[in-house]
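Next comes protein.cif, a file with mmCIF, C-alpha atoms, pLDDT in the B column; chains and numbers go by the auth columns.
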data_start
#
loop_
_atom_site.group_PDB
_atom_site.id
_atom_site.type_symbol
_atom_site.label_atom_id
_atom_site.label_comp_id
_atom_site.label_asym_id
_atom_site.label_seq_id
_atom_site.Cartn_x
_atom_site.Cartn_y
_atom_site.Cartn_z
_atom_site.B_iso_or_equiv
_atom_site.auth_seq_id
_atom_site.auth_asym_id
ATOM 1 C CA MET A 1 -27.877 20.300 -42.017 46.00 614 D
ATOM 2 C CA THR A 2 -28.905 23.767 -40.867 45.00 615 D
ATOM 3 C CA THR A 3 -27.666 25.283 -37.627 43.00 616 D
ATOM 4 C CA GLU A 4 -31.174 24.972 -36.183 45.00 617 D
ATOM 5 C CA ALA A 5 -31.348 21.271 -37.141 44.00 618 D
ATOM 6 C CA GLN A 6 -27.901 20.676 -35.608 41.00 619 D
ATOM 7 C CA ALA A 7 -28.952 22.336 -32.356 40.00 620 D
ATOM 8 C CA GLU A 8 -32.142 20.273 -32.305 41.00 621 D
ATOM 9 C CA ALA A 9 -30.191 17.042 -32.901 38.00 622 D
ATOM 10 C CA THR A 10 -27.746 17.946 -30.111 35.00 623 D
ATOM 11 C CA THR A 11 -30.612 18.645 -27.707 37.00 624 D
ATOM 12 C CA GLU A 12 -32.264 15.329 -28.570 38.00 625 D
ATOM 13 C CA ALA A 13 -28.994 13.422 -28.126 39.00 626 D
ATOM 14 C CA THR A 14 -28.333 15.113 -24.772 40.00 627 D
ATOM 15 C CA THR A 15 -31.853 14.375 -23.576 41.00 628 D
ATOM 16 C CA ALA A 16 -31.684 10.735 -24.656 49.00 629 D
ATOM 17 C CA THR A 17 -28.349 10.154 -22.952 64.00 630 D
ATOM 18 C CA GLY A 18 -28.940 11.737 -19.572 84.00 631 D
ATOM 19 C CA ILE A 19 -31.367 12.734 -16.912 91.00 632 D
ATOM 20 C CA VAL A 20 -33.099 16.116 -17.294 94.00 633 D
ATOM 21 C CA LEU A 21 -34.122 18.455 -14.489 95.00 634 D
ATOM 22 C CA THR A 22 -36.836 20.928 -15.488 95.00 635 D
ATOM 23 C CA GLU A 23 -36.461 24.608 -14.601 95.00 636 D
ATOM 24 C CA VAL A 24 -39.282 24.294 -12.055 95.00 637 D
ATOM 25 C CA ALA A 25 -37.584 21.308 -10.386 95.00 638 D
ATOM 26 C CA ALA A 26 -34.186 23.033 -10.447 95.00 639 D
ATOM 27 C CA SER A 27 -35.720 26.089 -8.749 95.00 640 D
ATOM 28 C CA LYS A 28 -37.315 23.904 -6.067 95.00 641 D
ATOM 29 C CA VAL A 29 -34.052 22.016 -5.447 95.00 642 D
ATOM 30 C CA SER A 30 -32.191 25.319 -5.239 94.00 643 D
ATOM 31 C CA ALA A 31 -34.731 26.665 -2.716 93.00 644 D
ATOM 32 C CA LEU A 32 -34.487 23.499 -0.599 93.00 645 D
ATOM 33 C CA LEU A 33 -30.690 23.698 -0.625 93.00 646 D
ATOM 34 C CA ALA A 34 -30.879 27.345 0.467 92.00 647 D
ATOM 35 C CA GLN A 35 -33.086 26.277 3.399 93.00 648 D
ATOM 36 C CA GLU A 36 -30.468 23.721 4.402 88.00 649 D
ATOM 37 C CA GLY A 37 -27.848 26.477 4.432 89.00 650 D
ATOM 38 C CA ARG A 38 -25.210 24.224 2.893 85.00 651 D
ATOM 39 C CA ASP A 39 -23.490 24.725 -0.433 84.00 652 D
ATOM 40 C CA ASP A 40 -21.817 21.294 -0.486 89.00 653 D
ATOM 41 C CA LEU A 41 -24.987 19.272 -1.188 93.00 654 D
ATOM 42 C CA ASN A 42 -26.113 17.922 -4.553 95.00 655 D
ATOM 43 C CA LEU A 43 -29.260 16.120 -5.654 95.00 656 D
ATOM 44 C CA ARG A 44 -28.546 12.403 -5.979 96.00 657 D
ATOM 45 C CA VAL A 45 -30.940 10.325 -8.074 94.00 658 D
ATOM 46 C CA ALA A 46 -30.622 6.566 -7.887 92.00 659 D
ATOM 47 C CA VAL A 47 -32.478 3.427 -8.875 89.00 660 D
ATOM 48 C CA GLN A 48 -32.584 0.649 -6.279 86.00 661 D
ATOM 49 C CA PRO A 49 -34.170 -2.810 -6.180 80.00 662 D
ATOM 50 C CA GLY A 50 -37.509 -2.768 -4.387 70.00 663 D
ATOM 51 C CA GLY A 51 -41.101 -1.655 -4.566 62.00 664 D
ATOM 52 C CA CYS A 52 -44.053 -3.491 -6.072 62.00 665 D
ATOM 53 C CA SER A 53 -42.642 -3.474 -9.620 59.00 666 D
ATOM 54 C CA GLY A 54 -39.018 -4.346 -8.919 72.00 667 D
ATOM 55 C CA LEU A 55 -37.189 -0.999 -9.006 81.00 668 D
ATOM 56 C CA LYS A 56 -37.702 2.232 -7.100 84.00 669 D
ATOM 57 C CA TYR A 57 -36.334 5.751 -7.354 87.00 670 D
ATOM 58 C CA GLN A 58 -34.383 7.513 -4.640 91.00 671 D
ATOM 59 C CA LEU A 59 -33.928 11.288 -4.587 93.00 672 D
ATOM 60 C CA TYR A 60 -31.936 12.831 -1.762 94.00 673 D
ATOM 61 C CA PHE A 61 -29.323 15.436 -0.978 95.00 674 D
ATOM 62 C CA ASP A 62 -25.817 14.076 -0.781 94.00 675 D
ATOM 63 C CA ASP A 63 -22.389 15.544 -0.091 94.00 676 D
ATOM 64 C CA ARG A 64 -20.474 12.460 -1.264 92.00 677 D
ATOM 65 C CA ASN A 65 -18.716 11.922 -4.572 90.00 678 D
ATOM 66 C CA MET A 66 -18.324 8.258 -5.396 91.00 679 D
ATOM 67 C CA ASP A 67 -16.163 6.621 -8.021 91.00 680 D
ATOM 68 C CA GLY A 68 -18.021 6.507 -11.338 92.00 681 D
ATOM 69 C CA ASP A 69 -20.595 9.174 -10.432 94.00 682 D
ATOM 70 C CA ILE A 70 -22.058 11.094 -13.345 94.00 683 D
ATOM 71 C CA VAL A 71 -22.634 14.780 -12.632 94.00 684 D
ATOM 72 C CA ARG A 72 -24.955 16.986 -14.653 95.00 685 D
ATOM 73 C CA GLU A 73 -25.459 20.674 -13.966 94.00 686 D
ATOM 74 C CA PHE A 74 -28.739 22.548 -14.284 93.00 687 D
ATOM 75 C CA GLY A 75 -27.965 26.145 -13.421 91.00 688 D
ATOM 76 C CA SER A 76 -26.626 26.131 -9.869 90.00 689 D
ATOM 77 C CA VAL A 77 -27.962 22.621 -9.175 93.00 690 D
ATOM 78 C CA LYS A 78 -25.855 19.513 -9.664 94.00 691 D
ATOM 79 C CA VAL A 79 -27.625 16.209 -10.217 95.00 692 D
ATOM 80 C CA ILE A 80 -25.555 13.105 -9.508 95.00 693 D
ATOM 81 C CA THR A 81 -26.307 9.557 -10.614 94.00 694 D
ATOM 82 C CA ASP A 82 -24.210 6.503 -9.930 93.00 695 D
ATOM 83 C CA LYS A 83 -22.916 4.469 -12.855 93.00 696 D
ATOM 84 C CA MET A 84 -25.335 1.593 -12.153 91.00 697 D
ATOM 85 C CA SER A 85 -28.441 3.826 -12.065 91.00 698 D
ATOM 86 C CA ASP A 86 -27.567 6.055 -15.014 92.00 699 D
ATOM 87 C CA PRO A 87 -28.707 3.650 -17.795 90.00 700 D
ATOM 88 C CA TYR A 88 -32.120 3.282 -16.109 88.00 701 D
ATOM 89 C CA LEU A 89 -32.452 7.078 -16.012 91.00 702 D
ATOM 90 C CA ALA A 90 -31.336 7.897 -19.574 90.00 703 D
ATOM 91 C CA GLY A 91 -33.858 10.349 -20.992 91.00 704 D
ATOM 92 C CA ALA A 92 -35.818 10.613 -17.730 92.00 705 D
ATOM 93 C CA THR A 93 -37.222 14.020 -16.782 93.00 706 D
ATOM 94 C CA ILE A 94 -37.520 15.150 -13.173 93.00 707 D
ATOM 95 C CA ASP A 95 -40.150 17.809 -12.567 94.00 708 D
ATOM 96 C CA PHE A 96 -41.752 19.390 -9.511 94.00 709 D
ATOM 97 C CA VAL A 97 -45.543 19.509 -9.284 93.00 710 D
ATOM 98 C CA ASP A 98 -47.422 21.755 -6.872 90.00 711 D
ATOM 99 C CA THR A 99 -51.168 21.393 -7.317 89.00 712 D
ATOM 100 C CA ILE A 100 -54.123 20.970 -5.004 89.00 713 D
ATOM 101 C CA GLU A 101 -54.061 17.230 -5.747 88.00 714 D
ATOM 102 C CA LYS A 102 -50.348 16.554 -5.577 85.00 715 D
ATOM 103 C CA GLN A 103 -47.092 18.116 -4.483 89.00 716 D
ATOM 104 C CA GLY A 104 -43.619 16.745 -5.012 91.00 717 D
ATOM 105 C CA PHE A 105 -41.039 15.614 -7.483 91.00 718 D
ATOM 106 C CA THR A 106 -42.135 13.449 -10.405 88.00 719 D
ATOM 107 C CA ILE A 107 -40.043 11.340 -12.750 88.00 720 D
ATOM 108 C CA ASP A 108 -41.127 10.722 -16.319 88.00 721 D
ATOM 109 C CA ASN A 109 -38.946 7.813 -17.423 84.00 722 D
ATOM 110 C CA PRO A 110 -39.157 6.486 -20.998 85.00 723 D
ATOM 111 C CA ASN A 111 -37.252 3.358 -19.870 77.00 724 D
ATOM 112 C CA ALA A 112 -40.004 2.228 -17.495 75.00 725 D
ATOM 113 C CA ALA A 113 -42.025 -0.562 -19.094 68.00 726 D
ATOM 114 C CA GLY A 114 -44.592 -0.412 -16.317 59.00 727 D
ATOM 115 C CA SER A 115 -45.202 0.854 -12.810 56.00 728 D
ATOM 116 C CA CYS A 116 -47.174 -0.123 -9.747 51.00 729 D
ATOM 117 C CA ALA A 117 -50.521 1.406 -8.813 49.00 730 D
ATOM 118 C CA CYS A 118 -48.965 3.715 -6.224 51.00 731 D
ATOM 119 C CA GLY A 119 -46.413 4.980 -8.788 51.00 732 D
ATOM 120 C CA ASP A 120 -43.440 4.567 -6.479 55.00 733 D
ATOM 121 C CA SER A 121 -41.744 1.797 -8.409 48.00 734 D
ATOM 122 C CA PHE A 122 -41.250 0.643 -11.993 52.00 735 D
ATOM 123 C CA ASN A 123 -39.922 -2.177 -14.134 44.00 736 D
#

Take the structure in the file and write it out as structure tokens.
Amino acid sequence: MTTEAQAEATTEATTATGIVLTEVAASKVSALLAQEGRDDLNLRVAVQPGGCSGLKYQLYFDDRNMDGDIVREFGSVKVITDKMSDPYLAGATIDFVDTIEKQGFTIDNPNAAGSCACGDSFN
């Protein structure tokens, strides 16, 4: 296997096993954290029961570290998932969209079999 093929395989394995924060989303999170003026906050991403389809996402800033948390770093931004949510988020990509039609964080999750019409929950 060539070095390029090995690097590609490593990237694919990393992407399939964990959540990914795009550069645009990482920049937005970093800017929001700077506005807060606190360097002890991280972005927590969780999956909770609820919504029209059964499960919903939660994204919020958190200063807690809980037992079993999984921490991934994207530049200066740390993304934390709890051990129960992590399997639901494996391979998911968080992005930030800023268009005339929509502004906010989006989650592209290959594990979601379906979602509700409003897009706030999945199954």

How many Å lie between atom CA of D:Ala638 and atom CA of D:Val710, rounded to one decimal? 8.2 Å

So which residues touch stretch 652-660 of chain D within 6 Å, counting only C-alpha atoms, skipping near sequence neighbours fewer than 3 positions away, as a PDB file with C-alpha atoms, in the coordinates of the input?
ATOM      1  CA  LYS D 669     -37.702   2.232  -7.100  1.00 84.00           C
ATOM      2  CA  TYR D 670     -36.334   5.751  -7.354  1.00 87.00           C
ATOM      3  CA  GLN D 671     -34.383   7.513  -4.640  1.00 91.00           C
ATOM      4  CA  LEU D 672     -33.928  11.288  -4.587  1.00 93.00           C
ATOM      5  CA  TYR D 673     -31.936  12.831  -1.762  1.00 94.00           C
ATOM      6  CA  PHE D 674     -29.323  15.436  -0.978  1.00 95.00           C
ATOM      7  CA  ASP D 675     -25.817  14.076  -0.781  1.00 94.00           C
ATOM      8  CA  ASP D 676     -22.389  15.544  -0.091  1.00 94.00           C
ATOM      9  CA  LYS D 691     -25.855  19.513  -9.664  1.00 94.00           C
ATOM     10  CA  VAL D 692     -27.625  16.209 -10.217  1.00 95.00           C
ATOM     11  CA  ILE D 693     -25.555  13.105  -9.508  1.00 95.00           C
ATOM     12  CA  THR D 694     -26.307   9.557 -10.614  1.00 94.00           C
ATOM     13  CA  SER D 698     -28.441   3.826 -12.065  1.00 91.00           C
TER      14      SER D 698
END

Which polymer residues have any atom within 7 Å of an atom of D:Leu702, counting only C-alpha atoms, with same-chain residues fewer than 2 positions away left out, as a PyMOL selection string? chain D and resi 631-632+698-700+704-705+722

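The coordinates place atom CA of D:Leu646 at 22.9 Å from atom CA of D:Asp721.
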
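With all atoms listed in the file as the atoms that count, the residue of D:Thr635, D:Gln648, D:Thr712, D:Asn724 with the shortest distance to D:Gly688 is D:Thr635.
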
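For the file shown, the residue list from the PyMOL selection byres ((chain D and resi 707) around 6) reads Leu634, Thr706, Asp708, Thr719 and Ile720 of chain D.
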
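The spacing separating atom CA of D:Gly667 from atom CA of D:Gly717 amounts to 21.9 Å.
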
Under the rule that all atoms listed in the file are counted, which of D:Gly681, D:Phe709, D:Pro662, D:Phe718 is the nearest residue to D:Lys696? D:Gly681

Residue nearest D:Leu645 - candidates D:Gln661, D:Pro723, D:Asp682, D:Val690, atoms counted: only C-alpha atoms: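 Closest to D:Leu645 of all the choices is D:Val690.
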
Missing atoms in stretch 708-727 of chain D: fill them in up to N, CA and C atoms and send the result as a PDB file, in the frame of the given file.
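Wrote it out as selection-v1.pdb, contents follow:
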ATOM      1  N   ASP D 708     -39.393  16.565 -12.648  1.00 94.00           N
ATOM      2  CA  ASP D 708     -40.150  17.809 -12.567  1.00 94.00           C
ATOM      3  C   ASP D 708     -40.643  17.971 -11.135  1.00 94.00           C
ATOM      4  N   PHE D 709     -41.133  19.148 -10.815  1.00 94.00           N
ATOM      5  CA  PHE D 709     -41.752  19.390  -9.511  1.00 94.00           C
ATOM      6  C   PHE D 709     -43.167  19.861  -9.764  1.00 94.00           C
ATOM      7  N   VAL D 710     -44.132  19.197  -9.116  1.00 93.00           N
ATOM      8  CA  VAL D 710     -45.543  19.509  -9.284  1.00 93.00           C
ATOM      9  C   VAL D 710     -46.072  20.073  -7.970  1.00 93.00           C
ATOM     10  N   ASP D 711     -46.825  21.150  -8.060  1.00 90.00           N
ATOM     11  CA  ASP D 711     -47.422  21.755  -6.872  1.00 90.00           C
ATOM     12  C   ASP D 711     -48.855  22.137  -7.214  1.00 90.00           C
ATOM     13  N   THR D 712     -49.751  21.168  -7.039  1.00 89.00           N
ATOM     14  CA  THR D 712     -51.168  21.393  -7.317  1.00 89.00           C
ATOM     15  C   THR D 712     -51.971  21.055  -6.068  1.00 89.00           C
ATOM     16  N   ILE D 713     -53.252  21.290  -6.130  1.00 89.00           N
ATOM     17  CA  ILE D 713     -54.123  20.970  -5.004  1.00 89.00           C
ATOM     18  C   ILE D 713     -54.189  19.456  -4.777  1.00 89.00           C
ATOM     19  N   GLU D 714     -53.984  18.688  -5.839  1.00 88.00           N
ATOM     20  CA  GLU D 714     -54.061  17.230  -5.747  1.00 88.00           C
ATOM     21  C   GLU D 714     -52.746  16.569  -5.375  1.00 88.00           C
ATOM     22  N   LYS D 715     -51.636  17.214  -5.729  1.00 85.00           N
ATOM     23  CA  LYS D 715     -50.348  16.554  -5.577  1.00 85.00           C
ATOM     24  C   LYS D 715     -49.234  17.578  -5.445  1.00 85.00           C
ATOM     25  N   GLN D 716     -48.274  17.275  -4.589  1.00 89.00           N
ATOM     26  CA  GLN D 716     -47.092  18.116  -4.483  1.00 89.00           C
ATOM     27  C   GLN D 716     -45.877  17.220  -4.332  1.00 89.00           C
ATOM     28  N   GLY D 717     -44.859  17.497  -5.130  1.00 91.00           N
ATOM     29  CA  GLY D 717     -43.619  16.745  -5.012  1.00 91.00           C
ATOM     30  C   GLY D 717     -42.942  16.569  -6.353  1.00 91.00           C
ATOM     31  N   PHE D 718     -41.808  15.875  -6.279  1.00 91.00           N
ATOM     32  CA  PHE D 718     -41.039  15.614  -7.483  1.00 91.00           C
ATOM     33  C   PHE D 718     -41.649  14.432  -8.231  1.00 91.00           C
ATOM     34  N   THR D 719     -41.655  14.534  -9.555  1.00 88.00           N
ATOM     35  CA  THR D 719     -42.135  13.449 -10.405  1.00 88.00           C
ATOM     36  C   THR D 719     -41.026  13.068 -11.372  1.00 88.00           C
ATOM     37  N   ILE D 720     -41.030  11.810 -11.782  1.00 88.00           N
ATOM     38  CA  ILE D 720     -40.043  11.340 -12.750  1.00 88.00           C
ATOM     39  C   ILE D 720     -40.788  10.707 -13.915  1.00 88.00           C
ATOM     40  N   ASP D 721     -40.578  11.272 -15.081  1.00 88.00           N
ATOM     41  CA  ASP D 721     -41.127  10.722 -16.319  1.00 88.00           C
ATOM     42  C   ASP D 721     -39.979   9.969 -16.984  1.00 88.00           C
ATOM     43  N   ASN D 722     -40.049   8.643 -16.959  1.00 84.00           N
ATOM     44  CA  ASN D 722     -38.946   7.813 -17.423  1.00 84.00           C
ATOM     45  C   ASN D 722     -39.364   6.984 -18.634  1.00 84.00           C
ATOM     46  N   PRO D 723     -38.798   7.257 -19.804  1.00 85.00           N
ATOM     47  CA  PRO D 723     -39.157   6.486 -20.998  1.00 85.00           C
ATOM     48  C   PRO D 723     -38.656   5.035 -20.939  1.00 85.00           C
ATOM     49  N   ASN D 724     -37.781   4.718 -20.009  1.00 77.00           N
ATOM     50  CA  ASN D 724     -37.252   3.358 -19.870  1.00 77.00           C
ATOM     51  C   ASN D 724     -38.158   2.446 -19.049  1.00 77.00           C
ATOM     52  N   ALA D 725     -39.122   3.017 -18.349  1.00 75.00           N
ATOM     53  CA  ALA D 725     -40.004   2.228 -17.495  1.00 75.00           C
ATOM     54  C   ALA D 725     -41.057   1.534 -18.358  1.00 75.00           C
ATOM     55  N   ALA D 726     -41.043   0.213 -18.329  1.00 68.00           N
ATOM     56  CA  ALA D 726     -42.025  -0.562 -19.094  1.00 68.00           C
ATOM     57  C   ALA D 726     -43.381  -0.563 -18.396  1.00 68.00           C
ATOM     58  N   GLY D 727     -43.354  -0.422 -17.093  1.00 59.00           N
ATOM     59  CA  GLY D 727     -44.592  -0.412 -16.317  1.00 59.00           C
ATOM     60  C   GLY D 727     -44.307   0.090 -14.927  1.00 59.00           C
TER      61      GLY D 727
END
